[in-house]
>>> print(open('structure-v6.csv').read())   # CSV, C-alpha atoms
chain,number,residue,atom,x,y,z
A,1,MET,CA,145.5,47.8,93.7
A,2,ALA,CA,147.1,50.7,95.4
A,3,PRO,CA,150.7,50.1,96.5
A,4,LYS,CA,150.8,49.0,100.1
A,5,ARG,CA,152.0,51.6,102.5
A,6,GLN,CA,154.8,51.0,105.0
A,7,ILE,CA,153.8,50.3,108.6
A,8,LYS,CA,155.7,52.5,110.9
A,9,GLY,CA,158.1,50.7,113.1
A,10,GLY,CA,157.0,47.3,111.9
A,11,SER,CA,158.1,45.2,109.0
A,12,ILE,CA,158.3,46.8,105.6
A,13,GLN,CA,155.7,45.3,103.3
A,14,GLU,CA,156.1,44.7,99.6
A,15,LEU,CA,155.0,47.3,97.2
A,16,VAL,CA,152.7,46.3,94.4
A,17,ASN,CA,153.1,48.1,91.1
A,18,PRO,CA,149.5,48.7,90.1
A,19,SER,CA,149.9,49.1,86.4
A,20,ALA,CA,151.9,45.9,86.1
A,21,TYR,CA,149.5,44.0,88.2
A,22,LYS,CA,146.6,45.2,86.1
A,23,SER,CA,148.3,44.2,82.9
A,24,ASN,CA,149.0,40.8,84.3
A,25,LEU,CA,145.4,40.3,85.1
A,26,GLN,CA,144.4,41.5,81.7
A,27,ALA,CA,146.7,39.0,80.1
A,28,LEU,CA,145.2,36.2,82.3
A,29,ASP,CA,141.7,37.3,81.3
A,30,PHE,CA,142.5,37.3,77.7
A,31,LEU,CA,144.0,33.8,77.8
A,32,ARG,CA,141.1,32.5,79.7
A,33,ASN,CA,138.5,33.8,77.3
A,34,PHE,CA,140.5,32.5,74.4
A,35,THR,CA,140.7,29.0,75.8
A,36,ALA,CA,137.0,29.1,76.6
A,37,VAL,CA,136.2,30.0,73.0
A,38,ILE,CA,138.5,27.5,71.4
A,39,ALA,CA,137.4,24.7,73.8
A,40,GLY,CA,133.8,25.5,73.0
A,41,ILE,CA,134.4,25.2,69.3
A,42,VAL,CA,136.3,21.9,69.6
A,43,VAL,CA,133.7,20.4,71.9
A,44,GLY,CA,130.9,21.5,69.6
A,45,ILE,CA,132.5,20.0,66.6
A,46,CYS,CA,133.1,16.8,68.4
A,47,GLY,CA,129.4,16.6,69.2
A,48,VAL,CA,129.7,16.2,73.0
A,49,VAL,CA,126.2,16.1,74.5
A,50,GLY,CA,125.3,16.2,78.1
A,51,TRP,CA,126.3,17.8,81.3
A,52,HIS,CA,129.7,16.3,81.2
A,53,GLY,CA,130.6,18.7,78.5
A,54,PHE,CA,131.3,21.3,81.2
A,55,ILE,CA,134.1,19.2,82.5
A,56,TYR,CA,136.0,20.0,79.4
A,57,HIS,CA,135.6,23.7,80.1
A,58,PHE,CA,137.3,23.4,83.5
A,59,LEU,CA,139.9,21.1,82.1
A,60,SER,CA,140.8,23.6,79.4
A,61,GLN,CA,141.0,26.4,82.0
A,62,LEU,CA,143.4,24.2,84.1
A,63,ALA,CA,145.4,23.5,81.0
A,64,CYS,CA,145.6,27.3,80.3
A,65,ALA,CA,146.9,27.9,83.8
A,66,GLY,CA,149.4,25.1,83.3
A,67,ALA,CA,150.6,26.6,80.0
A,68,MET,CA,151.0,30.0,81.6
A,69,ILE,CA,153.2,28.5,84.3
A,70,LEU,CA,155.3,26.7,81.7
A,71,LYS,CA,155.7,29.6,79.5
A,72,GLY,CA,156.9,32.3,81.7
A,73,CYS,CA,155.3,32.7,85.0
A,74,THR,CA,157.6,30.4,87.1
A,75,LYS,CA,156.7,31.9,90.4
A,76,PRO,CA,153.1,33.0,90.4
A,77,ALA,CA,153.6,34.8,93.7
A,78,GLN,CA,155.8,37.3,91.9
A,79,TYR,CA,153.4,38.1,89.2
A,80,PHE,CA,150.2,38.0,91.1
A,81,VAL,CA,149.8,38.8,94.7
A,82,SER,CA,148.8,35.3,95.9
A,83,TRP,CA,149.7,32.0,94.3
A,84,ASN,CA,146.1,30.9,93.8
A,85,THR,CA,145.1,33.9,91.8
A,86,LEU,CA,146.4,32.2,88.7
A,87,LEU,CA,144.0,29.3,89.2
A,88,PHE,CA,141.0,30.9,90.6
A,89,HIS,CA,140.7,34.3,89.2
A,90,SER,CA,137.5,34.3,87.2
A,91,ALA,CA,137.5,30.5,87.2
A,92,LEU,CA,133.7,30.6,87.6
A,93,SER,CA,133.3,33.9,85.9
A,94,SER,CA,130.2,34.2,83.8
A,95,THR,CA,131.8,35.7,80.7
A,96,THR,CA,134.1,32.7,80.1
A,97,LEU,CA,131.4,30.2,81.0
A,98,LEU,CA,128.9,31.8,78.7
A,99,SER,CA,131.3,32.2,75.9
A,100,TYR,CA,132.1,28.5,76.2
A,101,ILE,CA,128.4,27.6,76.2
A,102,LEU,CA,127.7,29.8,73.2
A,103,PHE,CA,130.4,28.6,71.0
A,104,TRP,CA,129.7,25.0,72.0
A,105,MET,CA,126.1,25.5,71.0
A,106,ILE,CA,126.8,27.2,67.7
A,107,PHE,CA,129.2,24.6,66.4
A,108,TYR,CA,127.2,21.7,67.7
A,109,ASN,CA,124.2,23.1,65.9
A,110,LEU,CA,126.1,23.8,62.7
A,111,CYS,CA,127.6,20.3,62.5
A,112,HIS,CA,125.2,17.9,64.2
A,113,VAL,CA,121.7,19.2,64.1
A,114,PHE,CA,121.3,20.4,60.6
B,1,MET,CA,117.0,10.3,78.2
B,2,ALA,CA,113.5,9.0,78.5
B,3,ALA,CA,111.7,7.3,75.7
B,4,GLY,CA,110.1,10.4,74.4
B,5,HIS,CA,113.4,11.7,73.1
B,6,SER,CA,113.7,11.8,69.3
B,7,ALA,CA,116.3,13.7,67.5
B,8,LEU,CA,114.5,16.3,65.3
B,9,LEU,CA,116.1,16.8,61.9
B,10,LEU,CA,116.0,20.5,61.1
B,11,ASP,CA,115.9,21.6,57.5
B,12,GLY,CA,119.1,22.9,55.9
B,13,ALA,CA,117.2,25.9,54.8
B,14,VAL,CA,116.7,26.9,58.4
B,15,ARG,CA,120.3,26.9,58.9
B,16,ASP,CA,121.1,28.9,55.8
B,17,TRP,CA,118.5,31.5,56.1
B,18,VAL,CA,118.2,31.9,59.8
B,19,PHE,CA,121.0,30.6,61.9
B,20,ILE,CA,123.9,32.1,60.1
B,21,PRO,CA,122.4,35.4,59.2
B,22,LEU,CA,121.1,35.9,62.7
B,23,THR,CA,124.5,35.3,64.2
B,24,LEU,CA,126.2,37.6,61.7
B,25,ALA,CA,123.6,40.3,62.2
B,26,ILE,CA,124.1,40.3,65.9
B,27,VAL,CA,127.8,40.3,65.7
B,28,LEU,CA,127.8,43.3,63.4
B,29,MET,CA,125.3,45.1,65.5
B,30,LYS,CA,127.5,44.6,68.5
B,31,LEU,CA,130.5,45.9,66.7
B,32,LEU,CA,128.5,48.9,65.6
B,33,THR,CA,127.4,49.8,69.1
B,34,GLN,CA,130.9,49.3,70.4
B,35,PHE,CA,132.3,51.7,67.9
B,36,MET,CA,129.5,54.2,68.4
B,37,HIS,CA,130.2,54.0,72.1
B,38,GLN,CA,133.8,54.8,71.6
B,39,LEU,CA,132.9,57.7,69.3
B,40,PHE,CA,130.3,59.2,71.5
B,41,ASN,CA,132.2,58.7,74.7
B,42,ALA,CA,134.3,61.8,74.2
B,43,PRO,CA,134.6,63.7,77.4
B,44,PRO,CA,131.5,65.7,78.1
B,45,PRO,CA,131.6,69.4,77.2
B,46,ASN,CA,133.5,71.3,79.8
B,47,ASN,CA,131.4,74.3,80.2
B,48,LYS,CA,132.4,74.9,83.7
B,49,GLU,CA,133.6,78.2,84.8
B,50,LEU,CA,136.9,78.9,86.3
B,51,LYS,CA,135.6,79.2,89.8
B,52,GLU,CA,133.9,75.8,89.7
B,53,ILE,CA,137.1,74.1,88.5
B,54,ARG,CA,139.0,75.8,91.2
B,55,GLU,CA,136.8,74.5,93.9
B,56,MET,CA,136.9,71.0,92.6
B,57,GLN,CA,140.7,71.2,92.5
B,58,ALA,CA,140.7,72.6,96.0
B,59,ILE,CA,138.9,69.5,97.2
B,60,THR,CA,141.4,67.3,95.5
B,61,ARG,CA,144.3,69.2,97.0
B,62,ALA,CA,142.9,68.9,100.5
B,63,GLY,CA,142.5,65.2,100.0
B,64,ARG,CA,146.1,64.9,99.0
B,65,LEU,CA,147.2,67.0,101.9
B,66,ARG,CA,145.4,64.6,104.2
B,67,GLY,CA,146.9,61.6,102.6
B,68,PHE,CA,150.5,62.6,102.2
B,69,GLY,CA,150.9,65.2,104.8
B,70,ARG,CA,153.6,63.2,106.5
B,71,PHE,CA,156.1,64.2,103.9
B,72,ILE,CA,156.2,67.9,104.7
B,73,PRO,CA,157.3,69.6,107.8
B,74,GLU,CA,155.0,70.7,110.5
B,75,THR,CA,154.8,74.4,109.8
B,76,SER,CA,154.1,73.8,106.1
B,77,PHE,CA,151.3,71.4,106.9
B,78,LYS,CA,149.8,73.9,109.3
B,79,MET,CA,149.9,76.7,106.8
B,80,ARG,CA,148.1,74.6,104.2
B,81,LYS,CA,145.6,73.4,106.7
B,82,GLU,CA,144.9,77.0,107.7
B,83,TYR,CA,144.4,78.0,104.1
B,84,PHE,CA,141.8,75.3,103.6
B,85,ALA,CA,140.0,74.9,106.9
B,86,GLY,CA,140.7,78.0,108.9
B,87,GLU,CA,138.4,80.7,109.9
B,88,LYS,CA,138.7,82.7,106.7
B,89,GLY,CA,139.8,79.6,104.8
B,90,LEU,CA,138.5,78.3,101.5
B,91,PHE,CA,136.1,75.9,102.8
B,92,SER,CA,134.3,78.4,105.0
B,93,GLN,CA,133.2,80.4,102.0
B,94,LYS,CA,130.1,79.6,100.1
B,95,ALA,CA,130.5,77.4,97.1
B,96,VAL,CA,129.9,78.9,93.7
B,97,THR,CA,129.1,75.6,92.0
B,98,ARG,CA,125.4,75.1,91.2
B,99,SER,CA,123.7,72.1,92.7
B,100,PRO,CA,122.9,69.3,90.3
B,101,GLN,CA,119.2,70.1,90.0
B,102,GLU,CA,119.9,73.6,88.7
B,103,ALA,CA,122.5,72.3,86.4
B,104,MET,CA,120.2,69.8,84.8
B,105,ALA,CA,117.5,72.4,84.2
B,106,THR,CA,119.6,75.2,82.8
B,107,ASP,CA,122.0,73.3,80.8
B,108,PRO,CA,120.8,71.7,77.5
B,109,SER,CA,124.0,69.9,76.9
B,110,VAL,CA,123.3,67.6,79.8
B,111,MET,CA,120.2,66.5,78.0
B,112,VAL,CA,122.1,65.8,74.8
B,113,ASP,CA,124.6,63.8,76.8
B,114,MET,CA,122.0,61.6,78.4
B,115,MET,CA,120.3,61.1,75.1
B,116,LYS,CA,123.5,60.0,73.5
B,117,LYS,CA,124.2,57.5,76.3
B,118,ASN,CA,120.7,56.1,75.9
B,119,LEU,CA,121.0,55.8,72.2
B,120,THR,CA,124.2,53.8,72.2
B,121,GLY,CA,123.1,51.7,75.1
B,122,MET,CA,120.0,49.7,75.4
B,123,VAL,CA,117.9,51.1,72.5
B,124,PRO,CA,119.7,49.3,69.6
B,125,GLN,CA,119.6,46.0,71.5
B,126,LEU,CA,115.9,46.3,72.3
B,127,GLY,CA,115.2,47.4,68.7
B,128,MET,CA,117.1,44.4,67.4
B,129,GLY,CA,115.2,42.1,69.7
B,130,MET,CA,111.9,43.3,68.3
B,131,VAL,CA,113.1,42.9,64.7
B,132,VAL,CA,114.3,39.4,65.5
B,133,ASN,CA,111.0,38.5,67.1
B,134,PHE,CA,109.1,39.9,64.2
B,135,PHE,CA,110.9,38.1,61.4
B,136,PHE,CA,112.0,34.8,63.0
B,137,GLN,CA,109.0,33.8,65.0
B,138,GLY,CA,107.3,30.5,65.5
B,139,PHE,CA,110.0,27.9,64.8
B,140,VAL,CA,112.8,26.3,66.6
B,141,ILE,CA,116.2,27.2,65.5
B,142,GLY,CA,118.6,24.9,67.3
B,143,LYS,CA,119.4,22.6,70.1
B,144,VAL,CA,121.2,23.1,73.3
B,145,PRO,CA,123.8,20.4,73.8
B,146,PHE,CA,122.9,19.5,77.3
B,147,PRO,CA,119.6,18.3,78.8
B,148,LEU,CA,117.6,20.8,80.7
B,149,SER,CA,114.8,20.6,83.2
B,150,PRO,CA,111.2,21.3,81.9
B,151,ARG,CA,111.2,24.6,83.8
B,152,PHE,CA,113.3,26.1,81.1
B,153,LYS,CA,110.7,25.5,78.5
B,154,PRO,CA,108.8,28.8,78.6
B,155,MET,CA,112.2,30.6,78.7
B,156,LEU,CA,113.6,28.9,75.6
B,157,GLN,CA,110.5,28.3,73.5
B,158,ARG,CA,108.6,31.5,73.7
B,159,GLY,CA,106.2,31.3,70.8
B,160,ILE,CA,105.6,27.5,70.5
B,161,ASP,CA,103.0,25.6,72.4
B,162,LEU,CA,104.0,22.1,71.7
B,163,ALA,CA,104.1,20.3,75.0
B,164,SER,CA,106.0,17.3,73.7
B,165,LEU,CA,108.8,19.2,72.2
B,166,ASP,CA,112.1,18.6,73.8
B,167,VAL,CA,113.3,21.4,76.1
B,168,SER,CA,116.6,21.5,74.5
B,169,TYR,CA,115.3,23.1,71.4
B,170,PHE,CA,115.1,26.9,71.4
B,171,THR,CA,113.6,29.7,69.3
B,172,SER,CA,115.3,32.6,67.7
B,173,LEU,CA,114.5,35.1,70.4
B,174,SER,CA,116.2,33.0,73.1
B,175,TYR,CA,119.1,32.5,70.8
B,176,TYR,CA,119.3,36.2,70.4
B,177,ILE,CA,119.6,36.7,74.1
B,178,LEU,CA,122.1,34.0,74.4
B,179,LEU,CA,124.2,35.6,71.7
B,180,LEU,CA,124.1,38.9,73.5
B,181,PHE,CA,125.5,37.5,76.6
B,182,GLY,CA,127.9,35.1,75.1
B,183,LEU,CA,129.5,37.6,72.7
B,184,ARG,CA,130.7,39.7,75.6
B,185,GLY,CA,133.5,37.3,76.3
B,186,ALA,CA,134.5,36.9,72.6
B,187,PHE,CA,134.4,40.7,72.1
B,188,SER,CA,136.7,41.3,75.1
B,189,LEU,CA,139.3,39.3,73.1
B,190,VAL,CA,138.9,41.6,70.1
B,191,PHE,CA,138.9,44.9,71.9
B,192,ARG,CA,141.3,44.3,74.7
B,193,GLU,CA,139.3,46.5,77.0
B,194,GLU,CA,136.7,46.1,79.7
B,195,MET,CA,133.7,45.4,77.6
B,196,VAL,CA,131.5,44.7,80.6
B,197,ASP,CA,129.9,48.1,79.9
B,198,GLU,CA,126.5,46.6,79.6
B,199,THR,CA,125.9,45.9,83.2
B,200,ALA,CA,127.2,49.3,84.1
B,201,MET,CA,125.0,50.9,81.5
B,202,MET,CA,121.9,49.1,82.7
B,203,GLN,CA,122.6,50.3,86.2
B,204,ARG,CA,123.0,53.8,84.9
B,205,GLN,CA,119.7,53.6,83.2
B,206,MET,CA,118.0,52.8,86.4
B,207,ASN,CA,119.6,55.6,88.2
B,208,PRO,CA,119.8,58.6,85.9
B,209,MET,CA,120.6,61.1,88.7
B,210,ALA,CA,123.9,59.3,89.4
B,211,ALA,CA,124.9,59.5,85.8
B,212,ASN,CA,125.4,63.3,85.9
B,213,PRO,CA,129.1,64.1,85.9
B,214,MET,CA,128.8,67.4,87.6
B,215,GLY,CA,126.4,66.2,90.2
B,216,VAL,CA,128.5,67.0,93.2
B,217,ASP,CA,127.0,69.1,95.9
B,218,MET,CA,129.8,71.4,96.6
B,219,ASP,CA,128.7,72.7,99.9
B,220,ALA,CA,128.4,69.3,101.5
B,221,ALA,CA,131.8,68.4,100.1
B,222,PHE,CA,133.3,71.5,101.6
B,223,LYS,CA,131.9,70.7,105.0
B,224,GLN,CA,133.2,67.1,104.8
B,225,GLU,CA,136.7,68.2,103.9
B,226,LYS,CA,136.8,70.8,106.6
B,227,ALA,CA,135.8,68.2,109.2
B,228,ALA,CA,138.3,65.7,107.9
B,229,LEU,CA,141.1,68.2,107.9
B,230,ALA,CA,140.4,69.1,111.4
B,231,GLN,CA,140.8,65.5,112.5
B,232,VAL,CA,144.1,64.8,110.8
B,233,GLU,CA,147.2,64.5,113.0
B,234,HIS,CA,150.5,65.4,111.5
B,235,GLU,CA,153.7,63.5,112.0
B,236,TRP,CA,156.7,64.3,109.9
B,237,GLU,CA,158.3,61.2,108.5
B,238,LEU,CA,161.8,62.5,108.7
B,239,GLU,CA,161.7,62.3,112.4
B,240,SER,CA,161.3,58.5,112.5
B,241,ALA,CA,163.5,58.0,109.5
B,242,GLU,CA,166.6,57.1,111.5
B,243,GLU,CA,164.9,54.3,113.4
B,244,ARG,CA,163.5,52.9,110.2
B,245,ALA,CA,166.9,53.0,108.6
B,246,VAL,CA,168.3,51.1,111.5
B,247,GLU,CA,165.6,48.5,111.1
B,248,VAL,CA,166.4,48.0,107.5
B,249,LEU,CA,170.1,47.7,108.0
B,250,ARG,CA,169.7,45.2,110.8
B,251,ARG,CA,167.5,43.1,108.6
B,252,GLN,CA,170.0,43.2,105.8
B,253,LEU,CA,172.8,42.2,108.0
B,254,LYS,CA,170.8,39.3,109.4
B,255,ALA,CA,170.0,38.1,105.9
B,256,LYS,CA,173.6,38.3,104.8
B,257,LYS,CA,174.8,36.3,107.8
B,258,LEU,CA,172.6,33.3,107.1
>>> encode(input="structure-v6.csv", output="structure tokens")
Amino acid sequence: MAPKRQIKGGSIQELVNPSAYKSNLQALDFLRNFTAVIAGIVVGICGVVGWHGFIYHFLSQLACAGAMILKGCTKPAQYFVSWNTLLFHSALSSTTLLSYILFWMIFYNLCHVF
Amino acid sequence: MAAGHSALLLDGAVRDWVFIPLTLAIVLMKLLTQFMHQLFNAPPPNNKELKEIREMQAITRAGRLRGFGRFIPETSFKMRKEYFAGEKGLFSQKAVTRSPQEAMATDPSVMVDMMKKNLTGMVPQLGMGMVVNFFFQGFVIGKVPFPLSPRFKPMLQRGIDLASLDVSYFTSLSYYILLLFGLRGAFSLVFREEMVDETAMMQRQMNPMAANPMGVDMDAAFKQEKAALAQVEHEWELESAEERAVEVLRRQLKAKKL
């Protein structure tokens, strides 16, 4: 994100530091992937079958966002540009979803099918 | 599910000799391609002459001039603009850079570059797919944890013609493809970089012309810059600085008062 320019004569907008924003987003991505993998492993070992297994994925993503808020990011608007980025950024992204499905499948097969 | 559902019990040997080795093999192959990608992605050989580099930099400078021109006084801006876009300016001369077609034909290093990109891209994945298909064909390898509609059957059970087999069971080839897609996420954890190179690579395969790094038509770029420079209006920011300072101070005072 390029830093926002100042509007002449109008109000002065906030400047966004691009490298900080990018590293924030990377940290968020990392955590989301991590929770997807771990949740997939846990759900696979438990042997959850059926479509309602996906609910656990979204639950774990919410828990991840909650943990981030607890841990350090007390005002999400300061760290990300809008407050709902924390919740919705790559919430339905295919990488996290596919990782979840893959690890769920692998561990379900290892423990329950063989 | 319906009455036709029976849980198949798969032999432990299938797990030992197929499932785990396949997973390990694909993980290792992905690691290999990632490292090869890093090794081979050294910047392409810079066999450009001085003139070509100078022209590319001139275009960058002109772009910067347009963007940040408000920081320099009027006369300086006019001098620079004259240098670039004037009658005897830089952009009125003929560009020395060769067009991309000539470059591709005369320069063998471009071919080597493209070959390297191809090699570390789709080829190992396709090759591995063929190997997997050859060795592990004709049996189901696992079960998907959620029920799927029958339309997924040809996708997941490529070599098997059993009509009564549950759609949830899949063969090794489909498992291979699932692994390919699923490990992207896990690998981005390990490598901490944007590993979504595959989609970009696939697009580049479709469009080999766009992959050429020196594929910029310099003449057209010159014309564009000249036209853009002619349009730009210049306003020195120092002139309006006093008003803006008054604004800021007023706002500060208001905030302090509250």
>>> closest_residue(input="structure-v6.csv", among="A:Ile38, A:Ala67, A:Leu62, A:Val81", to="Ala20 of chain A", atoms="all atoms listed in the file")
A:Val81
>>> closest_residue(input="structure-v6.csv", among="A:Asn24, A:Lys71, A:His89, A:Ser99", to="chain B", atoms="all atoms listed in the file")
A:Ser99
>>> interface_residues(input="structure-v6.csv", of="chain B", to="chain A", cutoff="7 Å", atoms="all atoms listed in the file", output="list in words")
Leu9, Leu10, Asp11, Gly12, Arg15, Gly142, Lys143, Val144, Pro145, Phe146, Pro147, Leu179, Phe181, Gly182, Leu183, Arg184, Gly185, Ala186, Leu189 and Arg244 of chain B
>>> atom_distance(input="structure-v6.csv", atom1="atom CA of Leu31 of chain B", atom2="atom CA of Ser188 of chain B")
11.4 Å
>>> atom_distance(input="structure-v6.csv", atom1="atom CA of Thr85 of chain A", atom2="atom CA of Ser23 of chain A")
14.0 Å
>>> atom_distance(input="structure-v6.csv", atom1="atom CA of Asn118 of chain B", atom2="atom CA of Leu39 of chain B")
14.0 Å
>>> residues_around(input="structure-v6.csv", residues="Ile72 of chain B", least_positions_apart="6", cutoff="9 Å", atoms="all atoms listed in the file", output="short mmCIF file (atom, residue, chain, number, x, y, z; two decimals) with C-alpha atoms, in the coordinates of the input")
data_model
loop_
_atom_site.label_atom_id
_atom_site.label_comp_id
_atom_site.auth_asym_id
_atom_site.auth_seq_id
_atom_site.Cartn_x
_atom_site.Cartn_y
_atom_site.Cartn_z
CA GLU B 235 153.70 63.50 112.00
CA TRP B 236 156.70 64.30 109.90
CA GLU B 237 158.30 61.20 108.50
CA LEU B 238 161.80 62.50 108.70
#
>>> decode(input="structure-v6.csv", residues="segment 83-112 of chain A", atoms="C-alpha atoms", output="PDB file, in the first residue's frame")
ATOM      1  CA  TRP A  83     -10.853  -2.973  11.775  1.00  0.00           C
ATOM      2  CA  ASN A  84     -12.344  -5.859   9.891  1.00  0.00           C
ATOM      3  CA  THR A  85      -9.145  -6.791   8.095  1.00  0.00           C
ATOM      4  CA  LEU A  86      -8.165  -8.920  11.045  1.00  0.00           C
ATOM      5  CA  LEU A  87     -11.269 -11.028  10.740  1.00  0.00           C
ATOM      6  CA  PHE A  88     -11.873 -11.195   7.049  1.00  0.00           C
ATOM      7  CA  HIS A  89      -8.515 -11.028   5.363  1.00  0.00           C
ATOM      8  CA  SER A  90      -8.162 -14.356   3.596  1.00  0.00           C
ATOM      9  CA  ALA A  91     -10.960 -15.798   5.722  1.00  0.00           C
ATOM     10  CA  LEU A  92     -12.208 -17.742   2.748  1.00  0.00           C
ATOM     11  CA  SER A  93      -8.836 -18.008   1.078  1.00  0.00           C
ATOM     12  CA  SER A  94      -8.212 -21.223  -0.741  1.00  0.00           C
ATOM     13  CA  THR A  95      -4.756 -21.838   0.703  1.00  0.00           C
ATOM     14  CA  THR A  96      -5.940 -22.054   4.289  1.00  0.00           C
ATOM     15  CA  LEU A  97      -9.055 -23.997   3.378  1.00  0.00           C
ATOM     16  CA  LEU A  98      -7.166 -26.486   1.255  1.00  0.00           C
ATOM     17  CA  SER A  99      -4.484 -26.940   3.879  1.00  0.00           C
ATOM     18  CA  TYR A 100      -7.183 -27.657   6.429  1.00  0.00           C
ATOM     19  CA  ILE A 101      -8.877 -30.190   4.160  1.00  0.00           C
ATOM     20  CA  LEU A 102      -5.605 -31.856   3.284  1.00  0.00           C
ATOM     21  CA  PHE A 103      -4.383 -32.374   6.810  1.00  0.00           C
ATOM     22  CA  TRP A 104      -7.844 -33.395   7.963  1.00  0.00           C
ATOM     23  CA  MET A 105      -7.861 -36.013   5.244  1.00  0.00           C
ATOM     24  CA  ILE A 106      -4.372 -37.284   5.902  1.00  0.00           C
ATOM     25  CA  PHE A 107      -4.831 -37.769   9.614  1.00  0.00           C
ATOM     26  CA  TYR A 108      -8.336 -39.136   9.284  1.00  0.00           C
ATOM     27  CA  ASN A 109      -7.018 -41.716   6.881  1.00  0.00           C
ATOM     28  CA  LEU A 110      -4.024 -42.592   8.979  1.00  0.00           C
ATOM     29  CA  CYS A 111      -6.038 -43.132  12.134  1.00  0.00           C
ATOM     30  CA  HIS A 112      -9.472 -44.272  11.113  1.00  0.00           C
TER      31      HIS A 112
END
